[in-house]
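Novice: The following file, entry-v5.tsv, comprises TSV, C-alpha atoms and all ligand atoms:
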chain	number	residue	atom	x	y	z
L	1	MET	CA	179.41	99.95	28.21
L	2	LYS	CA	179.29	98.71	24.63
L	3	GLN	CA	176.53	100.36	22.63
L	4	LEU	CA	174.05	97.95	21.10
L	5	GLU	CA	173.77	97.83	17.32
L	6	ARG	CA	170.89	99.91	15.95
L	7	SER	CA	168.75	99.75	12.81
L	8	LEU	CA	166.35	102.26	11.30
L	9	VAL	CA	163.24	100.34	10.34
L	10	ILE	CA	160.24	101.74	8.49
L	11	ILE	CA	156.92	100.03	7.93
L	12	LYS	CA	156.13	101.58	4.56
L	13	PRO	CA	152.72	102.99	3.56
L	14	ASP	CA	151.47	99.69	2.08
L	15	GLY	CA	152.09	98.10	5.49
L	16	THR	CA	150.89	100.94	7.72
L	17	VAL	CA	147.53	101.48	5.98
L	18	ARG	CA	146.78	97.81	6.64
L	19	ARG	CA	146.59	98.24	10.40
L	20	ARG	CA	146.42	94.59	11.40
L	21	VAL	CA	149.20	93.60	9.00
L	22	SER	CA	151.47	96.34	10.36
L	23	ALA	CA	150.69	95.19	13.93
L	24	LEU	CA	151.65	91.62	12.97
L	25	VAL	CA	154.90	92.78	11.35
L	26	LEU	CA	155.74	94.83	14.43
L	27	GLN	CA	154.90	91.88	16.69
L	28	ALA	CA	157.16	89.60	14.64
L	29	LEU	CA	160.04	92.06	15.06
L	30	LEU	CA	159.49	92.44	18.81
L	31	ASP	CA	159.29	88.65	19.16
L	32	ARG	CA	162.95	88.70	18.11
L	33	GLU	CA	163.67	90.58	21.34
L	34	TYR	CA	164.74	93.85	19.77
L	35	ARG	CA	164.53	96.91	21.96
L	36	VAL	CA	162.48	99.79	20.54
L	37	SER	CA	164.22	103.07	21.32
L	38	ALA	CA	162.15	105.35	19.04
L	39	PHE	CA	158.73	104.91	17.46
L	40	ARG	CA	156.69	107.36	15.41
L	41	GLU	CA	153.75	107.22	13.00
L	42	MET	CA	154.21	109.99	10.46
L	43	LYS	CA	153.71	111.20	6.90
L	44	VAL	CA	157.11	111.42	5.17
L	45	PRO	CA	157.77	114.73	3.39
L	46	GLU	CA	159.12	114.21	-0.13
L	47	ASN	CA	162.46	115.84	0.70
L	48	LEU	CA	163.00	113.38	3.57
L	49	ALA	CA	162.09	110.44	1.30
L	50	GLU	CA	164.55	111.76	-1.33
L	51	ARG	CA	167.33	112.01	1.24
L	52	HIS	CA	166.50	108.63	2.76
L	53	TYR	CA	166.78	106.91	-0.63
L	54	ALA	CA	169.56	109.18	-1.97
L	55	VAL	CA	171.73	106.13	-2.87
L	56	HIS	CA	169.11	105.29	-5.51
L	57	LYS	CA	168.96	108.82	-6.97
L	58	GLU	CA	170.17	107.75	-10.42
L	59	LYS	CA	167.87	104.72	-10.69
L	60	PRO	CA	164.87	104.88	-13.02
L	61	PHE	CA	162.52	103.93	-10.17
L	62	PHE	CA	163.70	106.76	-7.85
L	63	PRO	CA	160.85	109.26	-8.49
L	64	TRP	CA	158.30	106.48	-8.01
L	65	LEU	CA	160.04	105.29	-4.83
L	66	VAL	CA	159.93	108.80	-3.32
L	67	ARG	CA	156.22	109.12	-4.12
L	68	PHE	CA	155.57	105.68	-2.66
L	69	LEU	CA	157.27	106.41	0.68
L	70	SER	CA	155.49	109.80	0.93
L	71	SER	CA	152.03	108.61	-0.13
L	72	ALA	CA	150.50	107.68	3.25
L	73	PRO	CA	151.74	107.40	6.87
L	74	VAL	CA	154.61	105.12	7.83
L	75	LEU	CA	155.79	103.69	11.15
L	76	ALA	CA	159.39	104.79	11.68
L	77	MET	CA	161.41	103.20	14.47
L	78	ILE	CA	164.86	102.52	15.83
L	79	LEU	CA	165.45	98.93	16.92
L	80	GLU	CA	168.43	97.90	19.05
L	81	ALA	CA	170.14	94.57	19.73
L	82	ASP	CA	173.31	92.76	18.85
L	83	GLY	CA	172.90	91.66	15.24
L	84	VAL	CA	169.71	93.66	14.71
L	85	ILE	CA	170.68	94.93	11.23
L	86	GLN	CA	171.07	91.52	9.62
L	87	GLY	CA	168.33	90.07	11.82
L	88	VAL	CA	165.65	92.46	10.56
L	89	ARG	CA	166.75	92.00	6.96
L	90	ASP	CA	166.56	88.22	7.36
L	91	ALA	CA	163.08	88.55	8.88
L	92	LEU	CA	161.93	90.75	5.98
L	93	GLY	CA	163.29	88.51	3.22
L	94	ALA	CA	164.34	89.47	-0.32
L	95	THR	CA	163.65	92.98	-1.64
L	96	PHE	CA	161.25	91.85	-4.38
L	97	VAL	CA	158.11	90.29	-2.95
L	98	GLN	CA	157.94	87.50	-5.54
L	99	LYS	CA	161.52	86.51	-4.65
L	100	ALA	CA	161.02	86.67	-0.88
L	101	ASP	CA	160.74	83.39	1.03
L	102	PRO	CA	156.99	82.77	1.56
L	103	ASP	CA	157.63	82.52	5.32
L	104	SER	CA	159.42	85.88	5.48
L	105	LEU	CA	157.51	89.07	6.31
L	106	ARG	CA	157.71	90.39	2.74
L	107	GLY	CA	156.74	86.94	1.47
L	108	LYS	CA	153.69	86.87	3.73
L	109	TYR	CA	152.52	90.48	3.56
L	110	GLY	CA	154.29	92.28	0.70
L	111	ILE	CA	152.15	93.31	-2.27
L	112	TRP	CA	154.28	93.07	-5.42
L	113	ALA	CA	157.92	93.71	-6.46
L	114	GLY	CA	159.16	96.79	-4.55
L	115	VAL	CA	155.81	97.40	-2.83
L	116	ASN	CA	157.31	95.42	-0.01
L	117	ILE	CA	155.96	96.66	3.39
L	118	ALA	CA	159.20	97.66	5.07
L	119	HIS	CA	162.62	99.23	4.95
L	120	ALA	CA	165.55	98.23	7.15
L	121	SER	CA	169.09	99.61	7.34
L	122	ASP	CA	171.60	97.42	5.48
L	123	ALA	CA	174.88	98.11	7.37
L	124	PRO	CA	176.13	99.88	10.52
L	125	GLU	CA	177.30	102.97	8.55
L	126	THR	CA	173.97	103.37	6.74
L	127	ALA	CA	172.08	102.79	10.00
L	128	THR	CA	174.03	105.62	11.65
L	129	LYS	CA	173.35	107.94	8.69
L	130	GLU	CA	169.66	107.04	8.52
L	131	ILE	CA	169.15	107.46	12.28
L	132	GLU	CA	170.84	110.86	12.11
L	133	LEU	CA	168.60	111.86	9.18
L	134	TRP	CA	165.32	110.70	10.72
L	135	THR	CA	166.05	112.14	14.17
L	136	THR	CA	167.16	115.53	12.84
L	137	GLN	CA	164.80	115.86	9.84
L	138	GLY	CA	161.97	113.41	10.56
L	139	GLY	CA	161.04	114.22	14.16
L	140	LEU	CA	161.88	110.68	15.26
L	141	GLU	CA	162.88	110.87	18.94
L	142	GLU	CA	164.56	108.37	21.18
L	143	SER	CA	162.38	107.91	24.24
L	144	PRO	CA	161.94	105.47	27.13
L	145	ASP	CA	158.24	105.35	26.14
L	146	ALA	CA	158.91	104.13	22.59
L	147	GLU	CA	158.68	100.45	23.46
L	148	ASN	CA	155.30	100.99	25.17
L	149	ALA	CA	154.06	102.98	22.19
L	150	ALA	CA	154.97	100.09	19.89
L	151	ARG	CA	153.27	97.55	22.17
L	152	ALA	CA	150.18	99.76	22.45
L	153	TYR	CA	150.03	99.90	18.63
L	154	ILE	CA	150.09	96.10	18.46
L	155	GLN	CA	147.39	95.75	21.14
L	156	ARG	CA	145.19	98.20	19.33
L	157	TYR	CA	145.40	96.74	15.86
L	158	ASN	CA	146.22	93.04	16.04
L	159	GLN	CA	142.61	92.02	16.73
L	160	GLY	CA	140.34	90.27	14.26
L	161	ASP	CA	141.37	88.68	11.00
L	162	ALA	CA	141.70	91.55	8.52
L	163	ASP	CA	144.35	90.71	5.95
L	164	TYR	CA	143.74	91.97	2.44
L	165	THR	CA	147.16	90.90	1.13
L	166	THR	CA	145.83	88.14	-1.12
L	167	MET	CA	143.06	90.33	-2.55
L	168	ILE	CA	145.40	93.23	-3.28
L	169	ARG	CA	147.97	90.91	-4.87
L	170	GLU	CA	145.26	89.42	-7.09
L	171	VAL	CA	144.19	92.85	-8.31
L	172	VAL	CA	147.79	93.80	-9.13
L	173	LYS	CA	148.66	90.47	-10.74
L	174	ASN	CA	145.52	90.34	-12.89
L	175	ALA	CA	145.93	93.94	-14.03
L	176	ILE	CA	149.53	93.32	-15.11
L	177	GLU	CA	148.74	90.00	-16.82
L	178	GLN	CA	145.68	91.34	-18.63
L	179	LYS	CA	147.25	94.77	-19.29
L	180	ASP	CA	144.19	96.24	-17.63
L	181	LEU	CA	144.64	99.95	-16.86
L	182	SER	CA	140.95	100.64	-16.43
L	183	ASP	CA	139.38	102.68	-13.62
L	184	THR	CA	138.07	99.45	-12.12
L	185	VAL	CA	141.60	98.51	-11.06
L	186	LEU	CA	142.27	101.87	-9.42
L	187	ILE	CA	138.87	101.81	-7.69
L	188	SER	CA	139.54	98.31	-6.32
L	189	LEU	CA	142.94	99.38	-4.96
L	190	LYS	CA	141.41	102.47	-3.34
L	191	ASP	CA	138.75	100.31	-1.73
L	192	LEU	CA	141.17	97.64	-0.47
L	193	PHE	CA	143.75	100.07	0.95
L	194	ALA	CA	141.00	101.88	2.91
L	195	ARG	CA	139.43	98.78	4.47
L	196	ASP	CA	141.67	98.42	7.53
L	197	ALA	CA	143.12	101.94	7.65
L	198	ALA	CA	141.67	103.25	10.93
L	199	GLY	CA	142.68	106.87	11.56
L	200	ILE	CA	144.31	107.35	8.14
L	201	ASP	CA	142.85	109.93	5.74
L	202	LYS	CA	141.06	108.56	2.70
L	203	SER	CA	143.09	111.00	0.58
L	204	ASP	CA	146.26	109.20	1.76
L	205	THR	CA	145.02	105.67	1.05
L	206	ASP	CA	143.82	106.97	-2.35
L	207	THR	CA	147.27	108.40	-3.06
L	208	LEU	CA	148.89	105.07	-2.18
L	209	ALA	CA	146.45	103.33	-4.55
L	210	GLU	CA	147.43	105.77	-7.31
L	211	VAL	CA	151.14	105.10	-6.72
L	212	VAL	CA	150.57	101.34	-6.93
L	213	PHE	CA	148.45	101.87	-10.05
L	214	ASP	CA	151.34	103.84	-11.60
L	215	PHE	CA	153.60	100.89	-10.85
L	216	ILE	CA	151.14	98.61	-12.70
L	217	ARG	CA	151.09	101.07	-15.63
L	218	GLU	CA	154.90	101.03	-15.86
L	219	GLU	CA	154.92	97.22	-15.82
L	220	VAL	CA	152.29	97.07	-18.58
L	221	VAL	CA	154.00	99.69	-20.76
L	222	ARG	CA	157.44	98.07	-20.29
L	223	GLU	CA	156.29	94.71	-21.69
N	301	LIG	P1	164.93	99.06	1.58
N	301	LIG	O1	166.11	99.98	1.33
N	301	LIG	O2	163.60	99.71	1.35
N	301	LIG	O3	165.06	98.38	2.94
N	301	LIG	O4	164.99	97.85	0.54
N	301	LIG	P2	166.25	96.97	0.14
N	301	LIG	O5	167.47	97.43	0.85
N	301	LIG	O6	165.83	95.54	0.28
N	301	LIG	O7	166.37	97.28	-1.41
N	301	LIG	P3	167.06	98.53	-2.15
N	301	LIG	O8	167.87	97.99	-3.27
N	301	LIG	O9	167.73	99.44	-1.16
N	301	LIG	O10	165.82	99.29	-2.80
N	301	LIG	C1	165.09	100.25	-2.07
N	301	LIG	C2	163.63	100.13	-2.39
N	301	LIG	O11	163.38	100.58	-3.72
N	301	LIG	C3	162.31	99.84	-4.29
N	301	LIG	N1	162.82	99.24	-5.52
N	301	LIG	N2	162.13	99.22	-6.64
N	301	LIG	N3	161.38	98.86	-9.38
N	301	LIG	C4	162.55	98.43	-8.97
N	301	LIG	O12	163.32	97.89	-9.73
N	301	LIG	C5	162.92	98.63	-7.56
N	301	LIG	N4	164.07	98.30	-7.02
N	301	LIG	C6	164.01	98.67	-5.72
N	301	LIG	C7	161.86	98.84	-3.26
N	301	LIG	O13	160.76	99.43	-2.52
N	301	LIG	C8	163.07	98.70	-2.37
N	301	LIG	O14	162.73	98.26	-1.08
N	302	MG	MG	168.07	99.47	0.92
Just dump the structure as structure tokens.

Specialist:
Amino acid sequence: MKQLERSLVIIKPDGTVRRRVSALVLQALLDREYRVSAFREMKVPENLAERHYAVHKEKPFFPWLVRFLSSAPVLAMILEADGVIQGVRDALGATFVQKADPDSLRGKYGIWAGVNIAHASDAPETATKEIELWTTQGGLEESPDAENAARAYIQRYNQGDADYTTMIREVVKNAIEQKDLSDTVLISLKDLFARDAAGIDKSDTDTLAEVVFDFIREEVVRE
């Protein structure tokens, strides 16, 4: 029997701490009829984040990217279907949030630039490598229960109308435009990332806020 194509997909910390947003992203992926063969909420150790993004090791943003992925829990999963690799990337949209189609998942829910709610494998060879890495080093396990775990996550968190995307984007955009690196910005980010973060430690949502604040600082200093 031909094995279905597989993709390693991660809802990054900025997605996962916004519980309803992550449930909506997950729902949108499952609506595309992908099979979920592994599903795990987890904190990413820095050495796993470094290995996951090893292709970007020489880039100036690499240390920031590793801190971002490790800041707060993520949802790591393996999705399976013919064409799943390109399909998930199409659903996510362009890497940089401002360049992503407004109807794509990054366009709807991404925060700013590379703070873009999700990762997805970009080719069959990288998918194989990433799945090997996350199953051997990240405790991600293939299981017949994975699909139910993903559906239970959606059921639990897709209620209500919590979506702080616009508010968080406004804070980031205003801070960059006004070169505002005051405590008020950091405090606002800490508040917003904690609002819909059921079950996630405040220290983790605070760390994510600090990582996003560092991104703002780099943007302001670069100009
Ligand atoms: P991903 O690997 O996370 O699925 O994203 P991608 O393929 O669309 O983009 P890639 O080029 O692989 O970049 C990996 C992640 O690094 C961050 N990034 N920041 N500051 C920057 O210039 C910059 N460039 C990339 C983003 O979080 C991006 O998703
Ligand atoms: Mg990539």

Novice: Would you pick out the contacts of L:Leu30 at 10 Å or less, using all atoms listed in the file, so that residues sharing its chain but fewer than 4 positions from it are not included, and give the list as JSON, numbers by chain?

Specialist: {"L": [24, 25, 26, 34, 35, 36, 79, 147, 150, 151]}

Novice: So which residues touch L:Tyr164 within 12 Å, counting all atoms listed in the file, skipping near sequence neighbours fewer than 4 positions away, as a list in words?

Specialist: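 Near L:Tyr164, the qualifying residues are Asp14, Gly15, Val17, Arg18, Arg19, Arg20, Val21, Ser22, Lys108, Tyr109, Gly110, Ile111, Ile168, Arg169, Glu170, Val171, Ser188, Leu189, Asp191, Leu192, Phe193, Ala194, Arg195, Asp196 and Ala197 of chain L.
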
Novice: Under the rule of at most 7 Å, produce a per-residue listing of stretch 121-223 of chain L near stretch 63-76 of chain L: chain, number, name, the closest pair of atoms, and the distance in Å, as JSON lines, using only C-alpha atoms.

Specialist:
{"residue": "L:Asp204", "atom": "CA", "partner": "L:Ala72", "partner_atom": "CA", "distance": 4.7}
{"residue": "L:Thr205", "atom": "CA", "partner": "L:Ala72", "partner_atom": "CA", "distance": 6.2}
{"residue": "L:Thr207", "atom": "CA", "partner": "L:Ser71", "partner_atom": "CA", "distance": 5.6}
{"residue": "L:Leu208", "atom": "CA", "partner": "L:Ser71", "partner_atom": "CA", "distance": 5.2}
{"residue": "L:Val211", "atom": "CA", "partner": "L:Phe68", "partner_atom": "CA", "distance": 6.0}

Novice: Return the single residue from L:Arg6, L:His119, L:Arg32, L:Arg40 that is closest to ligand MG 302 (chain N), with distances computed using only C-alpha atoms and all ligand atoms.

Specialist: L:His119

Novice: At most 12 Å from (162.1, 106.6, 25.7), file frame, only C-alpha atoms: which residues, as a ChimeraX atom specification?

Specialist: /L:35-40,77-78,140-150

Novice: Nearest to L:Ile11: which of L:Ala113, L:Ala118, L:Val88, L:Ala198 is it, counting all atoms listed in the file?

Specialist: L:Ala118

Novice: Residues of chain L within 9 Å of ligand MG 302 (chain N): nearest atom pair and distance (Å, one decimal) for each, counting only C-alpha atoms and all ligand atoms, sorted by chain and number, as JSON lines?

Specialist:
{"residue": "L:Tyr53", "atom": "CA", "partner": "N:MG302", "partner_atom": "MG", "distance": 7.7}
{"residue": "L:Val55", "atom": "CA", "partner": "N:MG302", "partner_atom": "MG", "distance": 8.5}
{"residue": "L:His56", "atom": "CA", "partner": "N:MG302", "partner_atom": "MG", "distance": 8.7}
{"residue": "L:Thr95", "atom": "CA", "partner": "N:MG302", "partner_atom": "MG", "distance": 8.3}
{"residue": "L:His119", "atom": "CA", "partner": "N:MG302", "partner_atom": "MG", "distance": 6.8}
{"residue": "L:Ala120", "atom": "CA", "partner": "N:MG302", "partner_atom": "MG", "distance": 6.8}
{"residue": "L:Ser121", "atom": "CA", "partner": "N:MG302", "partner_atom": "MG", "distance": 6.5}
{"residue": "L:Asp122", "atom": "CA", "partner": "N:MG302", "partner_atom": "MG", "distance": 6.1}

Novice: Could you jot down the atom CA of L:Gln27 to atom CA of L:Ile154 separation for me, Å, one decimal place?

Specialist: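 Interatomic distance, atom CA of L:Gln27 to atom CA of L:Ile154: 6.6 Å.
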
Novice: Figure out the distance between atom CA of L:Trp112 and atom CA of L:Glu177, please, to one decimal in Å.

Specialist: 13.0 Å

Novice: Rank nothing, just name the residue among L:Lys59, L:Arg217, L:Arg51, L:Lys202 nearest to ligand LIG 301 (chain N), using only C-alpha atoms and all ligand atoms.

Specialist: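 Closest residue, counting only C-alpha atoms and all ligand atoms: L:Lys59.
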
Novice: For a test of reading the model, state the distance in Å between atom N2 of ligand LIG 301 (chain N) and atom CA of L:Phe62, rounded to one decimal.

Specialist: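 Going from atom N2 of ligand LIG 301 (chain N) over to atom CA of L:Phe62, I get 7.8 Å.
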
Novice: Please list as a VMD selection string every residue within 10 Å of L:Val220, counting only C-alpha atoms and excluding residues in the same chain fewer than 4 positions away.

Specialist: chain L and resid 175 to 181 214 to 216

Novice: Please report, as JSON, the centre and edge lengths in Å to one decimal of an axis-aligned box covering all listed atoms of stretch 150-153 of chain L with 6 Å per side.

Specialist:
{"center_x": 152.5, "center_y": 98.8, "center_z": 20.5, "size_x": 16.9, "size_y": 14.5, "size_z": 15.8}

Novice: Compare L:Ser203, L:Gln159, L:Thr136, L:Gln86 by their minimum atom-to-atom distance to ligand LIG 301 (chain N), counting all atoms listed in the file, and give me the closest one.

Specialist: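 Closest candidate: L:Gln86.
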
Novice: I'd like to know which of L:Ala54, L:Ala49, L:Val115, L:Leu105 is closest to ligand LIG 301 (chain N), using all atoms listed in the file.

Specialist: L:Val115

Novice: Restricting the calculation to only C-alpha atoms and all ligand atoms: of L:Ser7, L:Asn158, L:Thr184, L:Gln137, which residue gets closest to ligand LIG 301 (chain N)?

Specialist: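 Result for the nearest residue to ligand LIG 301 (chain N): L:Ser7.
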
Novice: Could you add the missing atoms to stretch 176-190 of chain L, up to N, CA and C atoms, and return them as a CSV table (one decimal), in the coordinates of the input?

Specialist:
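Okay, result25.csv is ready:
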chain,number,residue,atom,x,y,z
L,176,ILE,N,148.3,93.4,-14.3
L,176,ILE,CA,149.5,93.3,-15.1
L,176,ILE,C,149.4,92.3,-16.2
L,177,GLU,N,148.9,91.1,-15.8
L,177,GLU,CA,148.7,90.0,-16.8
L,177,GLU,C,147.8,90.4,-18.0
L,178,GLN,N,146.7,91.0,-17.6
L,178,GLN,CA,145.7,91.3,-18.6
L,178,GLN,C,145.9,92.7,-19.2
L,179,LYS,N,147.0,93.4,-18.8
L,179,LYS,CA,147.2,94.8,-19.3
L,179,LYS,C,146.0,95.7,-19.1
L,180,ASP,N,145.4,95.5,-17.9
L,180,ASP,CA,144.2,96.2,-17.6
L,180,ASP,C,144.5,97.5,-16.9
L,181,LEU,N,144.4,98.7,-17.5
L,181,LEU,CA,144.6,100.0,-16.9
L,181,LEU,C,143.3,100.7,-16.7
L,182,SER,N,142.3,100.0,-16.6
L,182,SER,CA,141.0,100.6,-16.4
L,182,SER,C,140.7,101.2,-15.0
L,183,ASP,N,139.7,102.1,-14.9
L,183,ASP,CA,139.4,102.7,-13.6
L,183,ASP,C,139.0,101.6,-12.6
L,184,THR,N,138.5,100.5,-13.1
L,184,THR,CA,138.1,99.4,-12.1
L,184,THR,C,139.2,99.0,-11.2
L,185,VAL,N,140.4,98.9,-11.8
L,185,VAL,CA,141.6,98.5,-11.1
L,185,VAL,C,141.9,99.5,-10.0
L,186,LEU,N,142.0,100.8,-10.4
L,186,LEU,CA,142.3,101.9,-9.4
L,186,LEU,C,141.2,101.9,-8.3
L,187,ILE,N,140.0,101.8,-8.7
L,187,ILE,CA,138.9,101.8,-7.7
L,187,ILE,C,139.0,100.6,-6.7
L,188,SER,N,139.4,99.5,-7.2
L,188,SER,CA,139.5,98.3,-6.3
L,188,SER,C,140.7,98.6,-5.3
L,189,LEU,N,141.8,99.1,-5.8
L,189,LEU,CA,142.9,99.4,-5.0
L,189,LEU,C,142.6,100.4,-3.9
L,190,LYS,N,141.8,101.4,-4.3
L,190,LYS,CA,141.4,102.5,-3.3
L,190,LYS,C,140.5,101.8,-2.3
